[in-house]
$ cat protein-v4.pdb   # PDB, C-alpha atoms
ATOM      1  CA  MET A   1       0.000   0.000   0.000
ATOM      2  CA  ILE A   2       2.722   2.492   0.939
ATOM      3  CA  GLY A   3       4.812   1.527  -2.095
ATOM      4  CA  ASN A   4       1.925   2.440  -4.407
ATOM      5  CA  SER A   5       1.315   5.878  -2.869
ATOM      6  CA  ALA A   6       4.927   7.110  -3.157
ATOM      7  CA  PRO A   7       5.088   7.150  -6.967
ATOM      8  CA  ARG A   8       1.700   8.864  -7.100
ATOM      9  CA  ALA A   9       2.872  11.661  -4.797
ATOM     10  CA  SER A  10       6.074  12.026  -6.795
ATOM     11  CA  GLU A  11       4.134  12.065 -10.061
ATOM     12  CA  LYS A  12       1.789  14.787  -8.757
ATOM     13  CA  ARG A  13       4.744  16.842  -7.526
ATOM     14  CA  ASN A  14       6.457  16.518 -10.921
ATOM     15  CA  ALA A  15       3.263  17.522 -12.720
ATOM     16  CA  LEU A  16       2.835  20.577 -10.518
ATOM     17  CA  LEU A  17       6.496  21.501 -10.943
ATOM     18  CA  ALA A  18       6.264  21.189 -14.751
ATOM     19  CA  ILE A  19       3.131  23.334 -14.841
ATOM     20  CA  VAL A  20       4.348  26.027 -12.430
ATOM     21  CA  VAL A  21       7.843  26.307 -13.914
ATOM     22  CA  GLY A  22       6.650  26.201 -17.536
ATOM     23  CA  GLY A  23       3.746  28.559 -16.920
ATOM     24  CA  GLY A  24       5.895  30.847 -14.773
ATOM     25  CA  ILE A  25       8.668  31.187 -17.328
ATOM     26  CA  ALA A  26       6.239  31.537 -20.238
ATOM     27  CA  GLY A  27       4.140  34.071 -18.323
ATOM     28  CA  THR A  28       7.175  36.117 -17.332
ATOM     29  CA  LEU A  29       8.685  36.198 -20.824
ATOM     30  CA  ASP A  30       5.352  36.930 -22.489
ATOM     31  CA  LEU A  31       4.413  39.702 -20.062
ATOM     32  CA  LEU A  32       7.871  41.253 -20.306
ATOM     33  CA  GLN A  33       7.879  41.274 -24.112
ATOM     34  CA  ALA A  34       4.329  42.682 -24.203
ATOM     35  CA  CYS A  35       5.251  45.476 -21.793
ATOM     36  CA  ILE A  36       8.386  46.303 -23.773
ATOM     37  CA  LEU A  37       6.538  46.346 -27.108
ATOM     38  CA  PHE A  38       3.232  47.903 -26.044
ATOM     39  CA  GLY A  39       3.860  49.719 -22.760
ATOM     40  CA  TRP A  40       3.747  48.983 -19.079
ATOM     41  CA  ASP A  41      -0.047  49.349 -18.897
ATOM     42  CA  ILE A  42      -0.522  45.888 -20.454
ATOM     43  CA  PRO A  43      -1.684  44.367 -17.124
ATOM     44  CA  LEU A  44      -4.573  46.868 -17.164
ATOM     45  CA  VAL A  45      -5.506  45.655 -20.651
ATOM     46  CA  ILE A  46      -5.410  42.054 -19.406
ATOM     47  CA  ALA A  47      -7.658  42.980 -16.463
ATOM     48  CA  GLY A  48      -9.897  44.725 -18.982
ATOM     49  CA  GLY A  49     -10.624  41.352 -20.507
ATOM     50  CA  LEU A  50     -12.478  40.523 -17.299
ATOM     51  CA  LEU A  51     -13.614  43.970 -16.092
ATOM     52  CA  GLY A  52     -14.190  45.862 -19.334
ATOM     53  CA  ARG A  53     -12.927  49.300 -20.332
ATOM     54  CA  GLY A  54     -13.173  50.592 -16.769
ATOM     55  CA  ALA A  55     -10.008  48.648 -15.982
ATOM     56  CA  PHE A  56      -7.980  51.247 -17.890
ATOM     57  CA  GLN A  57      -8.668  53.725 -15.087
ATOM     58  CA  GLY A  58      -7.922  51.101 -12.441
ATOM     59  CA  GLY A  59      -5.251  51.442  -9.830
ATOM     60  CA  ALA A  60      -2.726  49.094  -8.292
ATOM     61  CA  GLY A  61      -5.344  46.444  -7.498
ATOM     62  CA  THR A  62      -6.445  46.273 -11.125
ATOM     63  CA  TYR A  63      -2.811  46.144 -12.241
ATOM     64  CA  VAL A  64      -2.125  43.209  -9.902
ATOM     65  CA  LEU A  65      -5.327  41.497 -11.097
ATOM     66  CA  GLY A  66      -4.065  41.754 -14.685
ATOM     67  CA  ILE A  67      -0.748  40.180 -13.734
ATOM     68  CA  ALA A  68      -2.497  37.394 -11.803
ATOM     69  CA  LEU A  69      -4.845  36.697 -14.728
ATOM     70  CA  HIS A  70      -1.889  36.587 -17.099
ATOM     71  CA  PHE A  71      -0.069  33.993 -15.001
ATOM     72  CA  PHE A  72      -3.291  32.021 -14.525
ATOM     73  CA  ILE A  73      -3.642  31.808 -18.313
ATOM     74  CA  ALA A  74       0.025  30.826 -18.755
ATOM     75  CA  CYS A  75      -0.212  28.098 -16.112
ATOM     76  CA  SER A  76      -3.497  26.914 -17.637
ATOM     77  CA  ALA A  77      -1.742  26.564 -20.996
ATOM     78  CA  ALA A  78       1.040  24.599 -19.292
ATOM     79  CA  ALA A  79      -1.552  22.356 -17.630
ATOM     80  CA  VAL A  80      -3.177  21.668 -21.006
ATOM     81  CA  TYR A  81       0.190  20.748 -22.529
ATOM     82  CA  TYR A  82       1.042  18.552 -19.543
ATOM     83  CA  ALA A  83      -2.318  16.741 -19.708
ATOM     84  CA  ALA A  84      -1.975  16.176 -23.445
ATOM     85  CA  SER A  85       1.583  14.896 -22.970
ATOM     86  CA  ARG A  86       0.308  12.085 -20.765
ATOM     87  CA  TRP A  87      -1.549  10.622 -23.756
ATOM     88  CA  LEU A  88       0.650  11.819 -26.600
ATOM     89  CA  SER A  89       4.204  10.840 -25.733
ATOM     90  CA  PHE A  90       5.639  12.632 -28.771
ATOM     91  CA  LEU A  91       4.889  15.914 -26.946
ATOM     92  CA  ARG A  92       7.525  14.925 -24.378
ATOM     93  CA  GLU A  93       9.890  13.327 -26.890
ATOM     94  CA  HIS A  94      10.022  16.298 -29.301
ATOM     95  CA  PRO A  95       9.714  19.448 -27.182
ATOM     96  CA  LEU A  96      11.248  21.797 -29.754
ATOM     97  CA  VAL A  97       8.842  21.118 -32.604
ATOM     98  CA  CYS A  98       5.818  20.464 -30.390
ATOM     99  CA  GLY A  99       6.504  23.542 -28.278
ATOM    100  CA  LEU A 100       6.644  25.775 -31.333
ATOM    101  CA  PHE A 101       3.337  24.405 -32.617
ATOM    102  CA  PHE A 102       1.786  24.667 -29.147
ATOM    103  CA  GLY A 103       2.861  28.312 -28.845
ATOM    104  CA  ALA A 104       1.195  29.043 -32.199
ATOM    105  CA  ALA A 105      -1.962  27.299 -30.991
ATOM    106  CA  VAL A 106      -1.968  29.346 -27.775
ATOM    107  CA  GLU A 107      -1.695  32.553 -29.816
ATOM    108  CA  ASP A 108      -4.557  31.484 -32.090
ATOM    109  CA  VAL A 109      -6.837  30.515 -29.195
ATOM    110  CA  MET A 110      -6.133  33.788 -27.409
ATOM    111  CA  ARG A 111      -6.589  35.971 -30.496
ATOM    112  CA  PHE A 112      -9.576  34.239 -32.096
ATOM    113  CA  VAL A 113     -11.469  32.782 -29.098
ATOM    114  CA  VAL A 114     -10.545  34.381 -25.761
ATOM    115  CA  LEU A 115     -10.203  38.022 -26.846
ATOM    116  CA  PRO A 116     -13.462  38.139 -28.852
ATOM    117  CA  LEU A 117     -15.306  36.589 -25.879
ATOM    118  CA  SER A 118     -13.673  38.927 -23.326
ATOM    119  CA  ALA A 119     -15.312  42.025 -21.883
ATOM    120  CA  LEU A 120     -13.262  44.120 -24.335
ATOM    121  CA  ARG A 121     -14.713  42.200 -27.321
ATOM    122  CA  SER A 122     -11.423  42.524 -29.168
ATOM    123  CA  LYS A 123     -11.667  41.223 -32.708
ATOM    124  CA  GLY A 124     -10.195  42.041 -36.127
ATOM    125  CA  PRO A 125      -9.520  43.109 -38.635
ATOM    126  CA  TYR A 126      -5.916  42.168 -37.981
ATOM    127  CA  LYS A 127      -2.841  43.268 -39.871
ATOM    128  CA  LEU A 128      -0.816  40.405 -41.308
ATOM    129  CA  ASN A 129       2.424  41.583 -39.677
ATOM    130  CA  ASP A 130       0.682  41.636 -36.245
ATOM    131  CA  LEU A 131      -0.558  38.073 -36.768
ATOM    132  CA  ILE A 132       2.896  36.865 -37.797
ATOM    133  CA  LEU A 133       4.628  38.671 -34.924
ATOM    134  CA  GLY A 134       2.125  37.262 -32.428
ATOM    135  CA  LEU A 135       2.656  33.735 -33.731
ATOM    136  CA  ILE A 136       6.441  33.933 -33.656
ATOM    137  CA  VAL A 137       6.582  35.502 -30.205
ATOM    138  CA  HIS A 138       4.189  32.972 -28.661
ATOM    139  CA  MET A 139       5.924  30.061 -30.354
ATOM    140  CA  VAL A 140       9.206  31.060 -28.701
ATOM    141  CA  VAL A 141       8.277  32.655 -25.365
ATOM    142  CA  VAL A 142       5.219  30.529 -24.508
ATOM    143  CA  GLY A 143       5.381  27.220 -26.360
ATOM    144  CA  LEU A 144       9.043  26.408 -25.849
ATOM    145  CA  PRO A 145       9.284  27.086 -22.084
ATOM    146  CA  ILE A 146       6.166  25.004 -21.488
ATOM    147  CA  SER A 147       7.221  22.059 -23.652
ATOM    148  CA  ILE A 148      10.768  22.025 -22.280
ATOM    149  CA  SER A 149       9.484  22.231 -18.703
ATOM    150  CA  VAL A 150       7.136  19.300 -19.240
ATOM    151  CA  ARG A 151       9.937  17.269 -20.778
ATOM    152  CA  ARG A 152      12.313  18.161 -17.940
ATOM    153  CA  PHE A 153      10.079  17.715 -14.912
ATOM    154  CA  ALA A 154       7.233  15.385 -15.912
ATOM    155  CA  LYS A 155       8.908  12.247 -17.201
TER     156      LYS A 155
END

$ encode --input "protein-v4.pdb" --output "structure tokens"
Amino acid sequence: MIGNSAPRASEKRNALLAIVVGGGIAGTLDLLQACILFGWDIPLVIAGGLLGRGAFQGGAGTYVLGIALHFFIACSAAAVYYAASRWLSFLREHPLVCGLFFGAAVEDVMRFVVLPLSALRSKGPYKLNDLILGLIVHMVVVGLPISISVRRFAK
């Protein structure tokens, strides 16, 4: 009985570590690049997805909410990749290629599903260079940290 519970606890710890590290690194890199490219008010825009346009006049609490939501989304993406990697072993075996594709998928889901359904109702038309930049950035700063973290910690 005790022998069976030890691997389960270790497996859960590894899963949590893969998700937190992957989501944490991806969230940090993505938030940093967004702030550098678009300004340091990006967390207010993220909070606006939940609160609406009033978030743009929000204070420190709204700013912190935006950061928390951003990391929640990044860790949720890592959890999705981890869960899929339990059934699809090639996600663990080929983190470079799979991470790049996963990052592109995250960008597409955010741009074409989450943002249009958010309180800001953000939807096109989109410029081609913005779409390409968003794909490339998310492939590298979101997909790769998550896939490499899952490969490293969740064997």

$ atom_distance --input "protein-v4.pdb" --atom1 "atom CA of A:Gly52" --atom2 "atom CA of A:Gly143"
27.9 Å

$ closest_residue --input "protein-v4.pdb" --among "A:Pro145, A:Gly61, A:Gly22, A:Gly66" --to "A:Leu44" --atoms "all atoms listed in the file"
A:Gly66

$ closest_residue --input "protein-v4.pdb" --among "A:Leu133, A:Ala15, A:Val150, A:Ile73" --to "A:Thr28" --atoms "all atoms listed in the file"
A:Ile73

$ atom_distance --input "protein-v4.pdb" --atom1 "atom CA of A:Cys35" --atom2 "atom CA of A:Gly134"
13.8 Å

$ axis_aligned_box --input "protein-v4.pdb" --around "stretch 75-86 of chain A" --padding-each-side "3 Å" --output "JSON"
{"center_x": -1.0, "center_y": 20.1, "center_z": -19.8, "size_x": 11.1, "size_y": 22.0, "size_z": 13.3}

$ atom_distance --input "protein-v4.pdb" --atom1 "atom CA of A:Leu16" --atom2 "atom CA of A:Leu32"
23.4 Å

$ resolve_selection --input "protein-v4.pdb" --expression "the PyMOL selection byres ((chain A and resi 19) around 12)" --output "ChimeraX atom specification"
/A:12-18,20-27,71-83,85,145-154

$ residues_around --input "protein-v4.pdb" --residues "A:Lys123" --least-positions-apart "6" --cutoff "12 Å" --atoms "all atoms listed in the file" --output "compact mmCIF listing (two decimals) with C-alpha atoms, in the coordinates of the input"
# COMPACT_ATOMS: atom_id res chain seq x y z
CA MET A 110 -6.13 33.79 -27.41
CA ARG A 111 -6.59 35.97 -30.50
CA PHE A 112 -9.58 34.24 -32.10
CA VAL A 113 -11.47 32.78 -29.10
CA VAL A 114 -10.54 34.38 -25.76
CA LEU A 115 -10.20 38.02 -26.85
CA PRO A 116 -13.46 38.14 -28.85
CA LEU A 117 -15.31 36.59 -25.88

$ closest_residue --input "protein-v4.pdb" --among "A:Ala84, A:Leu128, A:Ile67, A:Met139" --to "A:Phe101" --atoms "only C-alpha atoms"
A:Met139

$ resolve_selection --input "protein-v4.pdb" --expression "the PyMOL selection byres ((chain A and resi 95) around 8)" --output "PyMOL selection string"
chain A and resi 91-94+96-99+144+147-148+151

$ closest_residue --input "protein-v4.pdb" --among "A:Thr62, A:Ser10, A:Asn129, A:Gln33" --to "A:Val141" --atoms "only C-alpha atoms"
A:Gln33

$ resolve_selection --input "protein-v4.pdb" --expression "the PyMOL selection byres ((chain A and resi 55) around 12)" --output "PyMOL selection string"
chain A and resi 41-54+56-66+119-120
